[in-house]
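Trainee: Just so it is clear, I am handing over input04.txt, which has compact mmCIF, C-alpha atoms.
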# COMPACT_ATOMS: atom_id res chain seq x y z
CA MET A 11 -12.43 -0.78 18.07
CA SER A 12 -10.03 -3.35 16.68
CA LYS A 13 -9.70 -3.38 12.90
CA LYS A 14 -8.26 -5.71 10.29
CA ILE A 15 -5.54 -3.77 8.51
CA VAL A 16 -3.73 -4.99 5.40
CA VAL A 17 -0.33 -3.41 4.79
CA ILE A 18 1.14 -3.70 1.30
CA THR A 19 4.75 -2.66 0.84
CA GLY A 20 6.45 -1.74 -2.41
CA SER A 21 10.16 -1.84 -1.68
CA PRO A 22 12.54 -4.72 -2.34
CA ARG A 23 15.01 -3.31 0.21
CA LYS A 24 14.20 -5.06 3.49
CA SER A 25 16.42 -2.76 5.53
CA GLY A 26 15.32 0.38 3.68
CA ASN A 27 13.64 3.55 4.81
CA SER A 28 10.07 2.70 3.78
CA PHE A 29 10.40 -0.71 5.51
CA ALA A 30 11.49 1.05 8.72
CA MET A 31 8.40 3.26 8.58
CA THR A 32 6.23 0.23 7.79
CA GLU A 33 7.57 -1.62 10.80
CA ALA A 34 6.92 1.39 13.04
CA PHE A 35 3.33 1.57 11.78
CA VAL A 36 2.71 -2.18 12.15
CA LYS A 37 4.09 -2.23 15.69
CA ALA A 38 1.95 0.75 16.76
CA ALA A 39 -1.18 -0.66 15.10
CA GLU A 40 -0.74 -4.03 16.78
CA GLU A 41 -0.15 -2.34 20.14
CA LYS A 42 -3.53 -0.63 19.66
CA GLY A 43 -5.14 -4.04 19.20
CA HIS A 44 -5.51 -4.04 15.43
CA ALA A 45 -4.91 -7.26 13.48
CA VAL A 46 -2.30 -6.49 10.82
CA THR A 47 -1.56 -8.64 7.77
CA ARG A 48 1.46 -7.57 5.76
CA PHE A 49 2.31 -8.36 2.16
CA ASP A 50 5.70 -7.35 0.79
CA ALA A 51 4.74 -7.00 -2.88
CA ALA A 52 8.36 -6.81 -4.05
CA LEU A 53 8.95 -10.26 -2.59
CA LYS A 54 5.82 -11.73 -4.21
CA GLN A 55 4.99 -12.66 -7.77
CA VAL A 56 2.32 -10.19 -8.91
CA GLY A 57 2.01 -9.35 -12.57
CA GLY A 58 0.13 -6.52 -14.16
CA CYS A 59 -3.55 -6.62 -15.01
CA ARG A 60 -4.21 -8.26 -18.39
CA ALA A 61 -7.67 -6.63 -18.77
CA CYS A 62 -9.31 -9.96 -19.54
CA GLU A 63 -12.22 -8.99 -17.27
CA THR A 64 -12.69 -12.55 -15.98
CA CYS A 65 -12.10 -11.41 -12.39
CA PHE A 66 -13.71 -13.67 -9.75
CA LYS A 67 -15.29 -15.88 -12.44
CA THR A 68 -13.00 -18.79 -11.53
CA GLY A 69 -13.47 -18.45 -7.77
CA LYS A 70 -10.28 -16.41 -7.48
CA ALA A 71 -9.77 -12.68 -7.82
CA CYS A 72 -7.72 -13.21 -10.98
CA SER A 73 -7.86 -15.95 -13.58
CA PHE A 74 -4.07 -15.73 -13.86
CA ASP A 75 -2.72 -17.47 -10.79
CA ASP A 76 -0.10 -15.48 -8.94
CA ASP A 77 0.27 -13.97 -5.47
CA PHE A 78 -2.46 -11.40 -6.05
CA ASN A 79 -4.86 -14.27 -5.39
CA VAL A 80 -3.40 -14.48 -1.88
CA ILE A 81 -3.54 -10.71 -1.31
CA ALA A 82 -7.06 -10.12 -2.70
CA PRO A 83 -8.99 -12.16 -0.07
CA ALA A 84 -7.17 -10.28 2.70
CA ILE A 85 -8.15 -6.95 1.13
CA LEU A 86 -11.77 -8.10 0.85
CA GLU A 87 -11.83 -8.95 4.57
CA ALA A 88 -9.92 -5.85 5.68
CA ASP A 89 -11.32 -2.73 7.28
CA ALA A 90 -8.30 -0.75 6.10
CA VAL A 91 -5.46 -0.91 3.59
CA VAL A 92 -2.13 0.86 4.03
CA PHE A 93 0.25 1.20 1.10
CA THR A 94 3.92 1.86 1.88
CA MET A 95 6.61 2.56 -0.68
CA PRO A 96 9.58 4.59 -1.79
CA VAL A 97 9.14 6.82 -4.83
CA TYR A 98 10.86 5.41 -7.93
CA TRP A 99 11.35 7.79 -10.84
CA TYR A 100 8.60 10.11 -9.56
CA SER A 101 6.02 7.36 -9.51
CA ILE A 102 4.74 4.19 -7.85
CA PRO A 103 7.33 1.39 -7.85
CA ALA A 104 6.57 -1.47 -10.24
CA GLN A 105 6.79 -3.89 -7.32
CA ILE A 106 3.52 -2.56 -5.86
CA LYS A 107 1.90 -1.13 -9.00
CA GLY A 108 0.70 -4.57 -10.10
CA VAL A 109 -1.22 -4.94 -6.84
CA ILE A 110 -2.74 -1.47 -7.18
CA ASP A 111 -3.71 -2.02 -10.83
CA ARG A 112 -5.35 -5.32 -10.01
CA LEU A 113 -7.66 -3.71 -7.47
CA PHE A 114 -9.66 -3.34 -10.70
CA SER A 115 -10.67 -6.99 -10.19
CA PHE A 116 -12.97 -6.00 -7.32
CA VAL A 117 -14.83 -3.59 -9.60
CA VAL A 118 -15.13 -6.07 -12.48
CA GLY A 119 -16.03 -8.87 -10.08
CA GLY A 120 -18.82 -6.82 -8.51
CA LYS A 121 -17.29 -6.96 -5.03
CA ASP A 122 -18.50 -4.33 -2.59
CA ILE A 123 -15.30 -2.92 -1.17
CA ALA A 124 -16.64 0.55 -0.36
CA GLY A 125 -16.19 1.98 3.10
CA LYS A 126 -12.65 0.83 3.81
CA GLU A 127 -10.06 3.15 5.23
CA CYS A 128 -6.82 3.76 3.39
CA ALA A 129 -3.47 5.38 4.11
CA LEU A 130 -0.14 5.99 2.43
CA ILE A 131 3.39 5.89 3.82
CA ALA A 132 6.03 7.03 1.31
CA CYS A 133 9.53 8.43 1.15
CA CYS A 134 11.82 9.79 -1.53
CA GLU A 135 15.39 10.89 -2.09
CA GLU A 136 14.73 14.51 -3.02
CA ASP A 137 13.80 17.21 -0.51
CA ASP A 138 10.86 18.50 -2.56
CA LEU A 139 7.53 17.07 -1.31
CA SER A 140 5.98 17.50 -4.77
CA VAL A 141 8.21 14.61 -5.91
CA MET A 142 5.68 12.36 -4.15
CA ASP A 143 2.72 13.61 -6.21
CA GLY A 144 3.23 10.68 -8.61
CA VAL A 145 2.46 8.32 -5.73
CA ARG A 146 0.10 10.39 -3.64
CA ILE A 147 -2.34 11.55 -6.34
CA PRO A 148 -2.94 8.16 -8.01
CA LEU A 149 -3.49 6.53 -4.62
CA GLU A 150 -5.88 9.27 -3.49
CA ARG A 151 -7.83 8.99 -6.77
CA SER A 152 -7.94 5.19 -6.54
CA ALA A 153 -9.25 5.40 -2.98
CA ALA A 154 -11.94 7.86 -4.10
CA LEU A 155 -12.97 5.60 -6.98
CA MET A 156 -13.35 2.62 -4.63
CA LYS A 157 -15.11 4.80 -2.03
CA TRP A 158 -12.33 4.31 0.50
CA ARG A 159 -11.64 7.05 3.02
CA MET A 160 -8.06 8.32 3.12
CA VAL A 161 -7.26 8.65 6.81
CA GLY A 162 -3.72 9.88 6.47
CA GLU A 163 -0.47 10.15 4.60
CA VAL A 164 3.10 10.07 5.88
CA LEU A 165 5.34 11.63 3.25
CA VAL A 166 9.03 11.86 4.11
CA PRO A 167 11.44 13.53 1.66
CA GLY A 168 15.22 13.58 1.74
CA VAL A 169 15.98 9.91 2.44
CA LEU A 170 17.97 7.66 0.11
CA ASN A 171 20.51 5.53 1.90
CA VAL A 172 19.64 2.81 4.36
CA GLY A 173 19.20 4.42 7.76
CA ASP A 174 18.53 7.94 6.48
CA ILE A 175 15.00 7.67 7.90
CA GLU A 176 16.52 7.70 11.39
CA LYS A 177 17.57 11.33 10.78
CA THR A 178 13.89 12.27 10.39
CA ASP A 179 10.66 11.84 12.33
CA GLY A 180 9.34 9.47 9.63
CA CYS A 181 9.06 6.42 11.88
CA ALA A 182 7.33 8.48 14.58
CA GLN A 183 4.89 9.83 11.97
CA ALA A 184 4.21 6.29 10.73
CA ALA A 185 3.57 5.07 14.26
CA ALA A 186 1.24 8.02 14.89
CA LEU A 187 -0.71 7.10 11.75
CA ALA A 188 -1.96 4.03 13.64
CA ASP A 189 -3.98 6.42 15.85
CA LYS A 190 -6.14 7.35 12.85
CA PHE A 191 -7.64 3.84 12.51
Render the structure in this file as structure tokens.
Mentor:
Amino acid sequence: MSKKIVVITGSPRKSGNSFAMTEAFVKAAEEKGHAVTRFDAALKQVGGCRACETCFKTGKACSFDDDFNVIAPAILEADAVVFTMPVYWYSIPAQIKGVIDRLFSFVVGGKDIAGKECALIACCEEDDLSVMDGVRIPLERSAALMKWRMVGEVLVPGVLNVGDIEKTDGCAQAAALADKF
């Protein structure tokens, strides 16, 4: 069954390792007949949540007009959301954190977003997989809160420089993730 999948990236490095895995996932998902919409959060203007709790009261997800108001409708319509990112300082990069924090708008706005599927694609410089806990755990908890089902995670350690991902099976793992939707 074809699904609408929203992919949200968190790296500003277009030729980087997480982008390479993202592209492998997108290509595989599209080959399986899924409709994929991609948002590169680092190339958008998305600020943090201001906790004003006026979400969806103006007809938009957020009363403060930035690119989250373009991303939010796609998430509402999606069957699945895939977050892709490198690990920055043992945590979620700021470039995508604003998008994740503003998922709060769906809760405040009373939007029923339960039942979506969710996945994570992440990489980091260090070889220790626990380095990715600062990305993996918050995303898993957020998915649970929103009643989204985590269908998979691709976690690739030991990549820093552009092209390092090619020395791993990270792109193959990302492509295989498409089979889980």
Trainee: For each of A:Thr178, A:Thr47, A:Ser115, A:Gln183, take the minimum atom-to-atom distance to Ala61 in chain A, counting all atoms listed in the file, then give the residue where this is smallest.
Mentor: A:Ser115
Trainee: Extract, using all atoms listed in the file, all DNA, RNA and protein residues at most 10 Å from Val169 in chain A, discarding same-chain residues fewer than 6 positions from it, and format them as a ChimeraX atom specification.
Mentor: /A:26-28,96,133-137,175-178,180
Trainee: Which residues are near range 68-80 of chain A? Cut-off 7 Å, only C-alpha atoms, ignore same chain within fewer than 6 positions. Put them as a ChimeraX atom specification.
Mentor: /A:54-56,109,115
Trainee: Show which residues sit within 9 Å of Ala84 in chain A, as an NGL selection string. Count only C-alpha atoms, and ignore same-chain residues fewer than 2 positions away.
Mentor: :A and (14-16 or 47 or 80-82 or 86-88)
Trainee: Given 8 Å of margin on each side, can you work out the centre and size in Å (one decimal) of an axis-aligned box holding every listed atom of range 30-40 of chain A, as lines of an AutoDock Vina configuration file?
Mentor:
center_x = 5.2
center_y = -0.4
center_z = 12.3
size_x = 28.7
size_y = 23.3
size_z = 25.0
Trainee: List the spatial neighbours of Cys128 in chain A as a list in words - criterion: any atom at most 10 Å away, only C-alpha atoms, same-chain residues fewer than 6 positions off excluded.
Mentor: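 Close residues of Cys128 in chain A: Ile15, Val16, Val17, Asp89, Ala90, Val91, Val92, Phe93, Leu149, Glu150, Ala153, Ala154, Lys157, Trp158, Arg159, Met160, Val161, Gly162, Glu163 and Phe191 of chain A.
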Trainee: Would you save the residues of that selection, restricted to C-alpha atoms, as a PDB file, keeping the file's coordinate frame?
Mentor:
ATOM      1  CA  ILE A  15      -5.540  -3.770   8.510  1.00  0.00           C
ATOM      2  CA  VAL A  16      -3.730  -4.990   5.400  1.00  0.00           C
ATOM      3  CA  VAL A  17      -0.330  -3.410   4.790  1.00  0.00           C
ATOM      4  CA  ASP A  89     -11.320  -2.730   7.280  1.00  0.00           C
ATOM      5  CA  ALA A  90      -8.300  -0.750   6.100  1.00  0.00           C
ATOM      6  CA  VAL A  91      -5.460  -0.910   3.590  1.00  0.00           C
ATOM      7  CA  VAL A  92      -2.130   0.860   4.030  1.00  0.00           C
ATOM      8  CA  PHE A  93       0.250   1.200   1.100  1.00  0.00           C
ATOM      9  CA  LEU A 149      -3.490   6.530  -4.620  1.00  0.00           C
ATOM     10  CA  GLU A 150      -5.880   9.270  -3.490  1.00  0.00           C
ATOM     11  CA  ALA A 153      -9.250   5.400  -2.980  1.00  0.00           C
ATOM     12  CA  ALA A 154     -11.940   7.860  -4.100  1.00  0.00           C
ATOM     13  CA  LYS A 157     -15.110   4.800  -2.030  1.00  0.00           C
ATOM     14  CA  TRP A 158     -12.330   4.310   0.500  1.00  0.00           C
ATOM     15  CA  ARG A 159     -11.640   7.050   3.020  1.00  0.00           C
ATOM     16  CA  MET A 160      -8.060   8.320   3.120  1.00  0.00           C
ATOM     17  CA  VAL A 161      -7.260   8.650   6.810  1.00  0.00           C
ATOM     18  CA  GLY A 162      -3.720   9.880   6.470  1.00  0.00           C
ATOM     19  CA  GLU A 163      -0.470  10.150   4.600  1.00  0.00           C
ATOM     20  CA  PHE A 191      -7.640   3.840  12.510  1.00  0.00           C
TER      21      PHE A 191
END
Trainee: Have a look at A:Thr19, A:Ser25, A:Ser152, A:Ser12 and name the one nearest to Asp174 in chain A; count all atoms listed in the file.
Mentor: A:Ser25
Trainee: Can you tell me how far CA of Arg112 in chain A sits from CA of Gly125 in chain A, in Å to one decimal?
Mentor: 18.5 Å
Trainee: Just give me the residues with any atom within 7 Å of (13.7, -5.2, -2.0), file coordinates, counting all atoms listed in the file, written as a ChimeraX atom specification.
Mentor: /A:21-24,52-53
Trainee: For a quick check of understanding, using only C-alpha atoms, which of A:Ala129, A:Val117, A:Ala51, A:Asp138 has the smallest distance to Pro103 in chain A?
Mentor: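 Ranking A:Ala129, A:Val117, A:Ala51, A:Asp138 by distance to Pro103 in chain A, first place goes to A:Ala51.
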Trainee: Can you measure CA of Ala45 in chain A to CA of Ala104 in chain A for me? One decimal in Å is fine.
Mentor: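 These atoms are spaced 27.0 Å apart.
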